[in-house]
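Colleague: File follows, work08.txt with compact mmCIF, C-alpha atoms and all ligand atoms:
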```txt
# COMPACT_ATOMS: atom_id res chain seq x y z
CA MET U 1 -92.69 51.33 62.78
CA GLU U 2 -92.76 53.81 65.70
CA LYS U 3 -95.63 53.63 68.18
CA VAL U 4 -96.44 55.01 71.61
CA ILE U 5 -98.10 52.41 73.83
CA ALA U 6 -99.72 52.98 77.23
CA VAL U 7 -99.17 50.12 79.66
CA LEU U 8 -101.74 49.60 82.44
CA GLU U 9 -100.38 46.74 84.56
CA GLY U 10 -103.48 46.39 86.70
CA ASP U 11 -103.88 44.33 89.86
CA GLY U 12 -103.29 40.79 91.15
CA ILE U 13 -101.40 38.78 88.54
CA GLY U 14 -101.53 41.81 86.19
CA PRO U 15 -97.96 43.05 86.78
CA GLU U 16 -96.53 39.50 86.51
CA ILE U 17 -98.15 38.62 83.19
CA VAL U 18 -97.78 42.12 81.69
CA ARG U 19 -94.04 41.93 82.43
CA GLU U 20 -93.75 38.70 80.40
CA SER U 21 -95.83 40.14 77.56
CA LEU U 22 -93.52 43.17 77.35
CA LYS U 23 -90.51 40.86 77.09
CA ALA U 24 -92.16 39.31 74.02
CA LEU U 25 -92.95 42.76 72.61
CA ARG U 26 -89.35 43.91 73.11
CA ALA U 27 -88.12 40.77 71.33
CA ILE U 28 -90.35 41.61 68.34
CA GLU U 29 -89.22 45.23 68.42
CA LYS U 30 -85.58 44.17 68.28
CA LYS U 31 -86.08 41.50 65.63
CA TYR U 32 -87.95 43.77 63.22
CA GLY U 33 -86.37 47.14 64.03
CA HIS U 34 -89.56 48.77 65.34
CA ARG U 35 -89.62 51.41 68.05
CA PHE U 36 -92.25 51.04 70.75
CA THR U 37 -92.29 53.73 73.42
CA LEU U 38 -93.98 52.20 76.46
CA THR U 39 -95.57 54.51 79.03
CA PRO U 40 -96.77 52.88 82.26
CA ALA U 41 -99.80 54.33 84.07
CA PRO U 42 -101.77 53.32 87.18
CA PHE U 43 -105.21 51.75 86.61
CA GLY U 44 -107.56 49.61 88.70
CA ALA U 45 -107.80 48.92 92.43
CA GLY U 46 -104.13 49.75 93.05
CA ALA U 47 -104.65 53.13 91.36
CA TYR U 48 -107.65 53.81 93.61
CA PHE U 49 -105.55 53.20 96.74
CA SER U 50 -102.50 55.16 95.51
CA GLU U 51 -104.13 57.97 93.49
CA GLY U 52 -107.71 58.09 94.81
CA SER U 53 -109.16 57.01 91.45
CA PRO U 54 -109.12 53.69 89.55
CA PHE U 55 -108.73 55.65 86.28
CA PRO U 56 -106.74 58.78 87.23
CA GLU U 57 -106.71 61.88 85.00
CA GLU U 58 -103.00 61.38 84.29
CA THR U 59 -103.69 57.83 83.09
CA LYS U 60 -106.44 59.17 80.80
CA ARG U 61 -103.95 61.66 79.33
CA ILE U 62 -101.34 58.93 78.78
CA CYS U 63 -103.93 56.70 77.11
CA ASP U 64 -105.28 59.57 74.97
CA GLU U 65 -101.76 60.28 73.73
CA SER U 66 -100.92 56.67 72.94
CA ASP U 67 -101.55 54.75 69.70
CA VAL U 68 -102.76 51.64 71.52
CA ILE U 69 -103.12 50.42 75.11
CA ILE U 70 -101.90 47.24 76.82
CA LYS U 71 -104.05 46.51 79.86
CA GLY U 72 -103.54 43.84 82.52
CA PRO U 73 -106.50 42.50 84.51
CA VAL U 74 -107.83 44.61 87.39
CA GLY U 75 -109.77 44.00 90.60
CA LEU U 76 -109.48 42.72 94.12
CA ALA U 77 -110.66 39.37 95.41
CA VAL U 78 -114.46 39.50 95.27
CA GLU U 79 -114.74 39.36 99.09
CA GLN U 80 -112.29 42.32 99.38
CA MET U 81 -114.24 44.53 97.00
CA SER U 82 -116.18 46.26 99.81
CA ARG U 83 -112.93 48.09 100.66
CA ILE U 84 -113.68 50.31 97.65
CA PRO U 85 -116.83 52.44 97.24
CA PRO U 86 -119.04 51.06 94.41
CA GLU U 87 -118.41 53.97 92.00
CA HIS U 88 -114.61 53.53 92.34
CA ARG U 89 -114.54 49.75 91.93
CA PRO U 90 -112.44 48.70 88.95
CA GLU U 91 -115.39 47.65 86.72
CA ASN U 92 -117.55 50.76 87.18
CA GLY U 93 -114.70 53.19 87.78
CA ALA U 94 -112.08 51.99 85.29
CA ILE U 95 -112.93 49.23 82.78
CA LEU U 96 -116.34 50.46 81.62
CA PRO U 97 -115.14 54.11 81.38
CA LEU U 98 -112.09 52.94 79.38
CA ARG U 99 -114.34 51.06 76.94
CA LYS U 100 -116.73 54.00 76.67
CA ARG U 101 -113.94 56.56 76.20
CA TYR U 102 -112.51 54.77 73.18
CA ASP U 103 -115.77 53.18 71.96
CA THR U 104 -114.17 49.71 71.95
CA PHE U 105 -117.25 47.99 70.59
CA ALA U 106 -115.77 44.74 69.24
CA ASN U 107 -114.04 42.35 71.63
CA PHE U 108 -112.13 39.57 69.86
CA ARG U 109 -111.61 36.48 72.01
CA PRO U 110 -109.94 33.61 70.15
CA VAL U 111 -110.52 30.19 71.70
CA ARG U 112 -107.89 27.84 70.35
CA LEU U 113 -106.87 24.35 71.35
CA PRO U 114 -105.25 22.23 68.64
CA LYS U 115 -105.94 18.49 68.74
CA HIS U 116 -102.42 17.65 69.96
CA LEU U 117 -102.96 19.78 73.10
CA ALA U 118 -106.31 18.16 73.93
CA SER U 119 -105.00 16.98 77.31
CA PHE U 120 -105.19 20.59 78.61
CA SER U 121 -108.96 20.41 78.41
CA PRO U 122 -111.09 18.80 81.13
CA LEU U 123 -113.16 17.29 78.28
CA LYS U 124 -112.40 13.89 76.72
CA PRO U 125 -110.23 14.07 73.57
CA GLU U 126 -112.98 12.47 71.49
CA ILE U 127 -115.31 15.34 72.43
CA LEU U 128 -112.74 17.87 71.23
CA GLY U 129 -112.53 16.14 67.85
CA GLU U 130 -110.16 17.86 65.43
CA GLY U 131 -109.54 20.67 67.91
CA ILE U 132 -111.12 23.98 68.85
CA ASP U 133 -110.71 27.15 66.80
CA ILE U 134 -113.48 29.60 67.60
CA LEU U 135 -113.31 33.37 67.36
CA MET U 136 -115.79 34.73 69.88
CA ILE U 137 -116.76 38.32 69.09
CA ARG U 138 -118.46 40.05 71.98
CA GLU U 139 -120.22 43.43 71.77
CA LEU U 140 -118.46 45.51 74.41
CA VAL U 141 -120.06 48.93 74.89
CA GLY U 142 -123.82 48.29 74.95
CA GLY U 143 -126.46 46.26 76.74
CA ILE U 144 -127.07 45.79 80.42
CA TYR U 145 -123.54 46.68 81.61
CA PHE U 146 -123.97 50.22 80.31
CA GLY U 147 -127.66 50.68 81.20
CA LYS U 148 -129.09 52.75 84.03
CA LYS U 149 -128.72 51.06 87.43
CA ILE U 150 -131.16 51.60 90.26
CA GLU U 151 -130.98 50.42 93.85
CA GLY U 152 -134.05 51.88 95.49
CA ARG U 153 -136.55 51.73 98.26
CA ASP U 154 -140.17 52.88 98.41
CA ALA U 155 -142.76 52.75 101.17
CA ASP U 156 -142.68 49.04 101.86
CA MET U 157 -140.03 47.40 99.74
CA ARG U 158 -136.48 47.58 98.45
CA PHE U 159 -135.79 47.00 94.75
CA SER U 160 -133.11 47.25 92.09
CA SER U 161 -132.98 47.26 88.32
CA ASP U 162 -130.46 47.22 85.46
CA GLU U 163 -131.61 48.59 82.16
CA CYS U 164 -130.60 46.79 78.96
CA THR U 165 -130.61 48.86 75.77
CA TYR U 166 -129.20 48.23 72.30
CA THR U 167 -129.46 50.56 69.33
CA ASP U 168 -129.70 49.47 65.71
CA GLU U 169 -126.25 50.96 65.01
CA GLN U 170 -124.58 49.26 68.01
CA ILE U 171 -125.74 45.85 66.80
CA ARG U 172 -125.15 46.47 63.10
CA ARG U 173 -121.51 47.48 63.43
CA VAL U 174 -120.43 44.53 65.59
CA ALA U 175 -122.43 42.12 63.42
CA ALA U 176 -120.71 43.50 60.30
CA VAL U 177 -117.29 42.93 61.92
CA ALA U 178 -118.28 39.36 62.85
CA PHE U 179 -119.55 38.49 59.36
CA GLU U 180 -116.39 39.93 57.77
CA GLU U 181 -114.32 37.71 60.10
CA ALA U 182 -116.47 34.66 59.31
CA ARG U 183 -115.97 35.31 55.60
CA LYS U 184 -112.16 35.30 56.13
CA ARG U 185 -112.25 32.11 58.23
CA SER U 186 -114.35 28.97 57.87
CA GLY U 187 -117.40 30.87 56.64
CA ARG U 188 -119.48 29.79 59.65
CA LEU U 189 -121.13 32.14 62.13
CA THR U 190 -123.26 31.29 65.16
CA ASN U 191 -125.28 34.17 66.60
CA VAL U 192 -126.12 33.74 70.30
CA HIS U 193 -129.21 35.31 71.86
CA LYS U 194 -132.08 34.97 74.34
CA ALA U 195 -134.90 36.03 72.03
CA ASN U 196 -137.44 33.72 73.69
CA VAL U 197 -137.45 36.11 76.68
CA LEU U 198 -135.67 39.40 75.95
CA ALA U 199 -136.91 42.21 73.69
CA THR U 200 -133.30 43.36 73.20
CA SER U 201 -132.42 39.87 71.93
CA ARG U 202 -135.33 39.86 69.46
CA PHE U 203 -134.14 43.23 68.17
CA TRP U 204 -130.54 41.95 68.14
CA ASN U 205 -131.56 39.01 65.94
CA GLN U 206 -133.56 41.22 63.59
CA ILE U 207 -130.55 43.47 62.91
CA VAL U 208 -128.07 40.55 62.75
CA GLU U 209 -130.29 38.87 60.15
CA GLU U 210 -130.40 42.07 58.09
CA VAL U 211 -126.59 42.10 58.13
CA ALA U 212 -126.51 38.36 57.33
CA SER U 213 -128.42 38.99 54.10
CA GLY U 214 -125.36 40.87 52.81
CA PHE U 215 -123.13 37.82 53.45
CA PRO U 216 -124.78 34.94 51.55
CA ASP U 217 -121.43 33.08 51.50
CA VAL U 218 -121.37 32.81 55.34
CA ALA U 219 -123.21 29.81 56.83
CA TYR U 220 -125.35 31.54 59.44
CA ARG U 221 -127.31 30.08 62.32
CA SER U 222 -128.57 31.39 65.63
CA MET U 223 -128.82 29.62 68.98
CA LEU U 224 -130.34 30.40 72.37
CA VAL U 225 -127.63 31.25 74.90
CA ASP U 226 -128.65 28.51 77.34
CA ASN U 227 -128.39 25.87 74.62
CA ALA U 228 -125.09 27.42 73.44
CA ALA U 229 -123.69 27.01 76.99
CA TYR U 230 -124.71 23.36 76.90
CA GLN U 231 -123.48 22.68 73.36
CA LEU U 232 -120.15 24.35 74.08
CA VAL U 233 -119.39 21.55 76.52
CA LYS U 234 -121.10 18.69 74.67
CA ASP U 235 -119.66 19.38 71.22
CA PRO U 236 -117.48 22.52 71.16
CA SER U 237 -115.99 22.11 67.68
CA GLN U 238 -119.41 22.64 66.08
CA PHE U 239 -118.73 26.34 66.84
CA ASN U 240 -115.40 26.43 64.98
CA GLY U 241 -115.68 29.67 63.03
CA VAL U 242 -117.15 32.82 64.55
CA MET U 243 -119.56 33.23 67.46
CA LEU U 244 -121.31 36.59 67.83
CA LEU U 245 -122.44 37.52 71.33
CA GLU U 246 -123.93 40.54 73.07
CA ASN U 247 -122.08 42.03 76.01
CA MET U 248 -123.21 40.08 79.09
CA GLN U 249 -123.85 36.76 77.39
CA GLY U 250 -120.41 37.10 75.81
CA ASP U 251 -118.78 37.83 79.15
CA ILE U 252 -120.13 34.60 80.58
CA LEU U 253 -119.78 32.28 77.60
CA THR U 254 -116.18 33.32 76.86
CA ASP U 255 -115.17 32.33 80.41
CA GLN U 256 -116.89 29.02 79.85
CA ALA U 257 -114.91 28.63 76.63
CA GLY U 258 -111.75 29.17 78.71
CA GLY U 259 -112.85 26.26 80.88
CA VAL U 260 -113.47 24.10 77.80
CA ILE U 261 -109.92 24.58 76.49
CA GLY U 262 -108.40 24.11 79.95
CA SER U 263 -107.83 27.50 81.54
CA LEU U 264 -108.68 31.18 81.50
CA GLY U 265 -104.93 31.56 81.18
CA LEU U 266 -105.36 30.53 77.53
CA MET U 267 -107.77 33.39 76.79
CA PRO U 268 -106.28 36.55 75.26
CA SER U 269 -108.41 39.37 73.83
CA ALA U 270 -108.40 42.58 71.82
CA CYS U 271 -110.95 45.36 72.28
CA ILE U 272 -111.22 47.20 68.97
CA GLY U 273 -112.59 50.72 69.06
CA THR U 274 -113.58 53.53 66.76
CA VAL U 275 -111.41 55.98 68.74
CA LYS U 276 -108.64 53.67 69.98
CA SER U 277 -108.11 50.00 70.74
CA TYR U 278 -106.69 48.15 73.70
CA VAL U 279 -105.74 44.57 74.51
CA GLU U 280 -106.28 42.62 77.73
CA PRO U 281 -106.59 39.00 78.82
CA ALA U 282 -110.19 37.80 78.98
CA HIS U 283 -109.86 36.90 82.67
CA GLY U 284 -109.66 38.84 85.93
CA SER U 285 -106.78 39.57 88.30
CA ALA U 286 -106.71 36.03 89.80
CA PRO U 287 -105.95 37.19 93.37
CA ASP U 288 -105.86 33.55 94.51
CA ILE U 289 -102.54 33.00 92.69
CA ALA U 290 -101.10 36.54 92.56
CA GLY U 291 -97.44 37.10 93.48
CA ARG U 292 -96.45 33.43 93.21
CA ASP U 293 -94.99 33.41 89.68
CA ILE U 294 -97.37 30.61 88.67
CA ALA U 295 -99.93 32.46 86.50
CA ASN U 296 -100.13 31.41 82.88
CA PRO U 297 -98.94 34.40 80.82
CA TYR U 298 -100.26 32.97 77.50
CA SER U 299 -103.40 35.13 77.79
CA MET U 300 -101.38 38.35 78.10
CA ILE U 301 -98.69 37.41 75.55
CA GLY U 302 -101.45 36.29 73.17
CA SER U 303 -103.05 39.72 73.68
CA ILE U 304 -99.77 41.23 72.43
CA ALA U 305 -100.06 39.00 69.33
CA LEU U 306 -103.60 40.31 68.84
CA MET U 307 -102.37 43.89 69.25
CA LEU U 308 -99.71 43.37 66.58
CA GLU U 309 -102.21 41.68 64.25
CA ARG U 310 -105.37 43.70 64.77
CA CYS U 311 -104.25 47.11 66.04
CA LEU U 312 -100.86 47.65 64.36
CA ASN U 313 -101.33 45.62 61.19
CA LEU U 314 -98.11 43.63 61.79
CA ALA U 315 -99.19 40.15 60.70
CA ARG U 316 -95.70 38.62 60.41
CA GLU U 317 -94.73 39.80 63.88
CA ALA U 318 -98.02 38.53 65.32
CA SER U 319 -97.48 35.16 63.75
CA ASP U 320 -94.02 34.97 65.37
CA VAL U 321 -95.61 35.47 68.78
CA TRP U 322 -98.33 32.86 68.18
CA ASN U 323 -95.75 30.37 66.91
CA ALA U 324 -93.54 30.97 69.95
CA LEU U 325 -96.51 30.47 72.31
CA PHE U 326 -97.53 27.18 70.74
CA THR U 327 -93.89 26.02 70.48
CA VAL U 328 -93.62 26.26 74.28
CA PHE U 329 -96.44 23.72 74.63
CA GLU U 330 -95.25 21.59 71.72
CA GLN U 331 -91.83 21.28 73.39
CA GLY U 332 -93.53 19.54 76.32
CA TYR U 333 -93.85 22.43 78.77
CA THR U 334 -96.89 23.40 80.81
CA THR U 335 -98.09 25.85 83.47
CA ALA U 336 -99.68 25.06 86.83
CA ASP U 337 -103.25 25.78 85.67
CA LEU U 338 -103.24 23.22 82.84
CA SER U 339 -103.99 19.54 83.24
CA GLU U 340 -101.89 16.71 81.87
CA GLY U 341 -102.89 13.61 79.92
CA PRO U 342 -102.56 10.19 81.61
CA ASN U 343 -99.39 9.28 79.67
CA GLU U 344 -97.84 12.71 79.64
CA SER U 345 -95.20 14.21 81.83
CA ARG U 346 -94.81 17.83 80.98
CA LYS U 347 -92.17 20.14 82.45
CA LEU U 348 -93.77 22.76 84.69
CA LEU U 349 -92.86 26.40 83.99
CA SER U 350 -93.18 29.47 86.19
CA THR U 351 -94.66 32.65 84.70
CA SER U 352 -91.23 34.15 84.07
CA GLU U 353 -89.72 30.94 82.65
CA PHE U 354 -92.62 30.77 80.19
CA GLY U 355 -91.90 34.38 79.11
CA ASP U 356 -88.19 33.62 78.69
CA LEU U 357 -88.95 30.66 76.42
CA VAL U 358 -91.33 32.74 74.30
CA VAL U 359 -88.53 35.30 73.81
CA GLU U 360 -86.11 32.51 72.86
CA TYR U 361 -88.54 31.08 70.27
CA ILE U 362 -89.32 34.54 68.85
CA GLU U 363 -85.60 35.13 68.40
CA LYS U 364 -85.08 31.72 66.76
CA GLY U 365 -88.31 31.71 64.71
P1 LIG L 401 -110.53 35.55 87.61
O1 LIG L 401 -110.78 35.54 86.14
O2 LIG L 401 -109.53 36.52 88.11
O3 LIG L 401 -110.06 34.09 88.08
C1 LIG L 401 -110.88 32.94 87.94
C2 LIG L 401 -110.02 31.68 88.09
O4 LIG L 401 -109.16 31.55 86.96
C3 LIG L 401 -109.10 31.73 89.32
O5 LIG L 401 -109.01 30.45 89.88
C4 LIG L 401 -107.76 32.14 88.74
O6 LIG L 401 -106.65 31.71 89.48
C5 LIG L 401 -107.80 31.50 87.36
N1 LIG L 401 -107.00 32.27 86.38
C6 LIG L 401 -107.33 33.43 85.78
N2 LIG L 401 -106.33 33.84 84.99
C7 LIG L 401 -105.35 32.92 85.08
C8 LIG L 401 -104.05 32.80 84.50
N3 LIG L 401 -103.57 33.71 83.62
N4 LIG L 401 -103.30 31.73 84.84
C9 LIG L 401 -103.77 30.79 85.68
N5 LIG L 401 -104.99 30.85 86.26
C10 LIG L 401 -105.77 31.91 85.96
O7 LIG L 401 -111.95 35.76 88.29
P2 LIG L 401 -112.34 36.24 89.79
O8 LIG L 401 -111.44 35.59 90.79
O9 LIG L 401 -113.78 36.04 89.87
O10 LIG L 401 -112.07 37.80 89.76
C11 LIG L 401 -110.94 38.42 90.36
C12 LIG L 401 -111.03 39.93 90.12
O11 LIG L 401 -110.89 40.21 88.71
C13 LIG L 401 -112.38 40.54 90.54
O12 LIG L 401 -112.10 41.77 91.17
C14 LIG L 401 -113.11 40.76 89.22
O13 LIG L 401 -114.03 41.80 89.33
C15 LIG L 401 -111.95 41.11 88.30
N6 LIG L 401 -112.16 40.92 86.85
C16 LIG L 401 -111.51 41.80 86.02
C17 LIG L 401 -111.59 41.65 84.65
C18 LIG L 401 -110.83 42.61 83.76
O14 LIG L 401 -109.86 43.23 84.19
N7 LIG L 401 -111.21 42.76 82.49
C19 LIG L 401 -112.32 40.58 84.11
C20 LIG L 401 -112.94 39.68 84.98
C21 LIG L 401 -112.85 39.84 86.36
```
With the file now loaded, output its structure as structure tokens.
Modeller:
Amino acid sequence: MEKVIAVLEGDGIGPEIVRESLKALRAIEKKYGHRFTLTPAPFGAGAYFSEGSPFPEETKRICDESDVIIKGPVGLAVEQMSRIPPEHRPENGAILPLRKRYDTFANFRPVRLPKHLASFSPLKPEILGEGIDILMIRELVGGIYFGKKIEGRDADMRFSSDECTYTDEQIRRVAAVAFEEARKRSGRLTNVHKANVLATSRFWNQIVEEVASGFPDVAYRSMLVDNAAYQLVKDPSQFNGVMLLENMQGDILTDQAGGVIGSLGLMPSACIGTVKSYVEPAHGSAPDIAGRDIANPYSMIGSIALMLERCLNLAREASDVWNALFTVFEQGYTTADLSEGPNESRKLLSTSEFGDLVVEYIEKG
């Protein structure tokens, strides 16, 4: 297969973990005789400082001309963000426009922690049960993040508002994707909402239930988001299967899921679009650990596996990457962000050592 791939390294730990993910991609390319032409392009806070825009025109052209996009995390430390004017900050100036440009409406975030790796989680092994295997599917181009934003002032007070809108079609298409996935997996789907307060959530549920009626073989239930946050910690494996979430609730609950399995560094993602798709880790640029070669590259290498599987239809290649990732942990290695069980003594890997081992296991696998 020949493909052109845009590579947006991003900020903070972005360049470090993207580098390791490209090593894995090159190993797959070599093993299977594919040809991936990788085109780097600036994106994020670094692009704002060097090019004057977090999503420069040249980067848009490179992305438009590519088959798929690999994106590292972007952003400065939250307290540094005031160095950039609000409209040029990476979320408003780069990530949301990227999602809108390619209509990447379905964000796949697998949350996986097999029973034998339970020590990575801050939860007790008995709470994790037989292990965690949840596919969180988050709507990515609607809701409050894309609504009109107002920061205003009238005669005697200041105010602000964020509009939250969902259309029938926006909900229907992501729900259909989620039910199809549930049908392929355990047949269980949990729909998360806040319908006791929000009109958009009541509408969301109405459309999701219409879609559910076409999937009688999927065990469907819905749950308020606040209870879902609680249940995710109390008894996470009850969600094994698919969780369907709207944009903002999904943003928050998927980070919590990262905490449940031990680290955001274990959270890859794929953003599937009608125009084009891209992959990125579910976390941010982790400025607190950037440049130290200690970030966990699983999230970015796992995003490559998702790209192979979901964007390029290369299931065998994807499975090689997943197997290599899990083999690293099964061989007794760890990264600095993951905890250790009381009777364990795992060998600590740097970011680049982790990437080297993944390449070795891809080659051997
Ligand atoms: P963050 O997700 O970057 O980090 C939260 C915590 O998780 C930190 O302690 C960090 O060290 C840790 N962490 C994250 N990824 C890790 C990895 N691969 N290995 C080990 N530890 C990891 O959240 P933040 O600090 O609130 O945000 C930093 C910047 O990232 C902000 O500018 C924010 O706006 C941006 N952000 C970008 C995206 C994106 O690019 N899609 C997503 C979320 C946040």
Colleague: Please give the centre and size of the box around stretch 172-180 of chain U (axis-aligned, containing every atom listed in the file, 6 Å added per side), with values in Å to one decimal and written as AutoDock Vina command-line options.
Modeller:
```
--center_x -120.8 --center_y 43.0 --center_z 61.7 --size_x 20.8 --size_y 21.0 --size_z 19.8
```
Colleague: Using all atoms listed in the file, which of U:Leu264, U:Leu338, U:Leu25, U:Ile362 sits nearest ligand LIG 401 (chain L)?
Modeller: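 Counting all atoms listed in the file, the residue closest to ligand LIG 401 (chain L) is U:Leu264.
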Colleague: Around ligand LIG 401 (chain L), which protein and nucleic acid residues have at least one atom no more than 9 Å from it, if we count all atoms listed in the file? List them as a ChimeraX atom specification.
Modeller: /U:10-14,17,44-45,71-81,89-91,95,251,255,258-259,263-267,280-290,294-300,335-338,351
Colleague: Please dump the current selection as a tab-separated table (two decimals), keeping the file's coordinate frame; keep C-alpha atoms.
Modeller:
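Output (part_30.tsv):
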```tsv
chain	number	residue	atom	x	y	z
U	10	GLY	CA	-103.48	46.39	86.70
U	11	ASP	CA	-103.88	44.33	89.86
U	12	GLY	CA	-103.29	40.79	91.15
U	13	ILE	CA	-101.40	38.78	88.54
U	14	GLY	CA	-101.53	41.81	86.19
U	17	ILE	CA	-98.15	38.62	83.19
U	44	GLY	CA	-107.56	49.61	88.70
U	45	ALA	CA	-107.80	48.92	92.43
U	71	LYS	CA	-104.05	46.51	79.86
U	72	GLY	CA	-103.54	43.84	82.52
U	73	PRO	CA	-106.50	42.50	84.51
U	74	VAL	CA	-107.83	44.61	87.39
U	75	GLY	CA	-109.77	44.00	90.60
U	76	LEU	CA	-109.48	42.72	94.12
U	77	ALA	CA	-110.66	39.37	95.41
U	78	VAL	CA	-114.46	39.50	95.27
U	79	GLU	CA	-114.74	39.36	99.09
U	80	GLN	CA	-112.29	42.32	99.38
U	81	MET	CA	-114.24	44.53	97.00
U	89	ARG	CA	-114.54	49.75	91.93
U	90	PRO	CA	-112.44	48.70	88.95
U	91	GLU	CA	-115.39	47.65	86.72
U	95	ILE	CA	-112.93	49.23	82.78
U	251	ASP	CA	-118.78	37.83	79.15
U	255	ASP	CA	-115.17	32.33	80.41
U	258	GLY	CA	-111.75	29.17	78.71
U	259	GLY	CA	-112.85	26.26	80.88
U	263	SER	CA	-107.83	27.50	81.54
U	264	LEU	CA	-108.68	31.18	81.50
U	265	GLY	CA	-104.93	31.56	81.18
U	266	LEU	CA	-105.36	30.53	77.53
U	267	MET	CA	-107.77	33.39	76.79
U	280	GLU	CA	-106.28	42.62	77.73
U	281	PRO	CA	-106.59	39.00	78.82
U	282	ALA	CA	-110.19	37.80	78.98
U	283	HIS	CA	-109.86	36.90	82.67
U	284	GLY	CA	-109.66	38.84	85.93
U	285	SER	CA	-106.78	39.57	88.30
U	286	ALA	CA	-106.71	36.03	89.80
U	287	PRO	CA	-105.95	37.19	93.37
U	288	ASP	CA	-105.86	33.55	94.51
U	289	ILE	CA	-102.54	33.00	92.69
U	290	ALA	CA	-101.10	36.54	92.56
U	294	ILE	CA	-97.37	30.61	88.67
U	295	ALA	CA	-99.93	32.46	86.50
U	296	ASN	CA	-100.13	31.41	82.88
U	297	PRO	CA	-98.94	34.40	80.82
U	298	TYR	CA	-100.26	32.97	77.50
U	299	SER	CA	-103.40	35.13	77.79
U	300	MET	CA	-101.38	38.35	78.10
U	335	THR	CA	-98.09	25.85	83.47
U	336	ALA	CA	-99.68	25.06	86.83
U	337	ASP	CA	-103.25	25.78	85.67
U	338	LEU	CA	-103.24	23.22	82.84
U	351	THR	CA	-94.66	32.65	84.70
```
Colleague: Write out, as a tab-separated table, each residue of stretch 96-146 of chain U that has an atom at most 10 Å from stretch 57-63 of chain U, together with the closest pair of atoms and their distance in Å to one decimal, counting only C-alpha atoms, rows going by chain and rising number.
Modeller:
```
residue	atom	partner	partner_atom	distance
U:Leu98	CA	U:Lys60	CA	8.5
U:Arg101	CA	U:Lys60	CA	9.2
U:Tyr102	CA	U:Cys63	CA	9.6
```
Colleague: Would you please work out which residue, of U:Gly302, U:Gly241, U:Gly147, U:Pro56, is nearest to U:Ile134 when using all atoms listed in the file?
Modeller: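 Under the stated criterion, the closest residue is U:Gly241.
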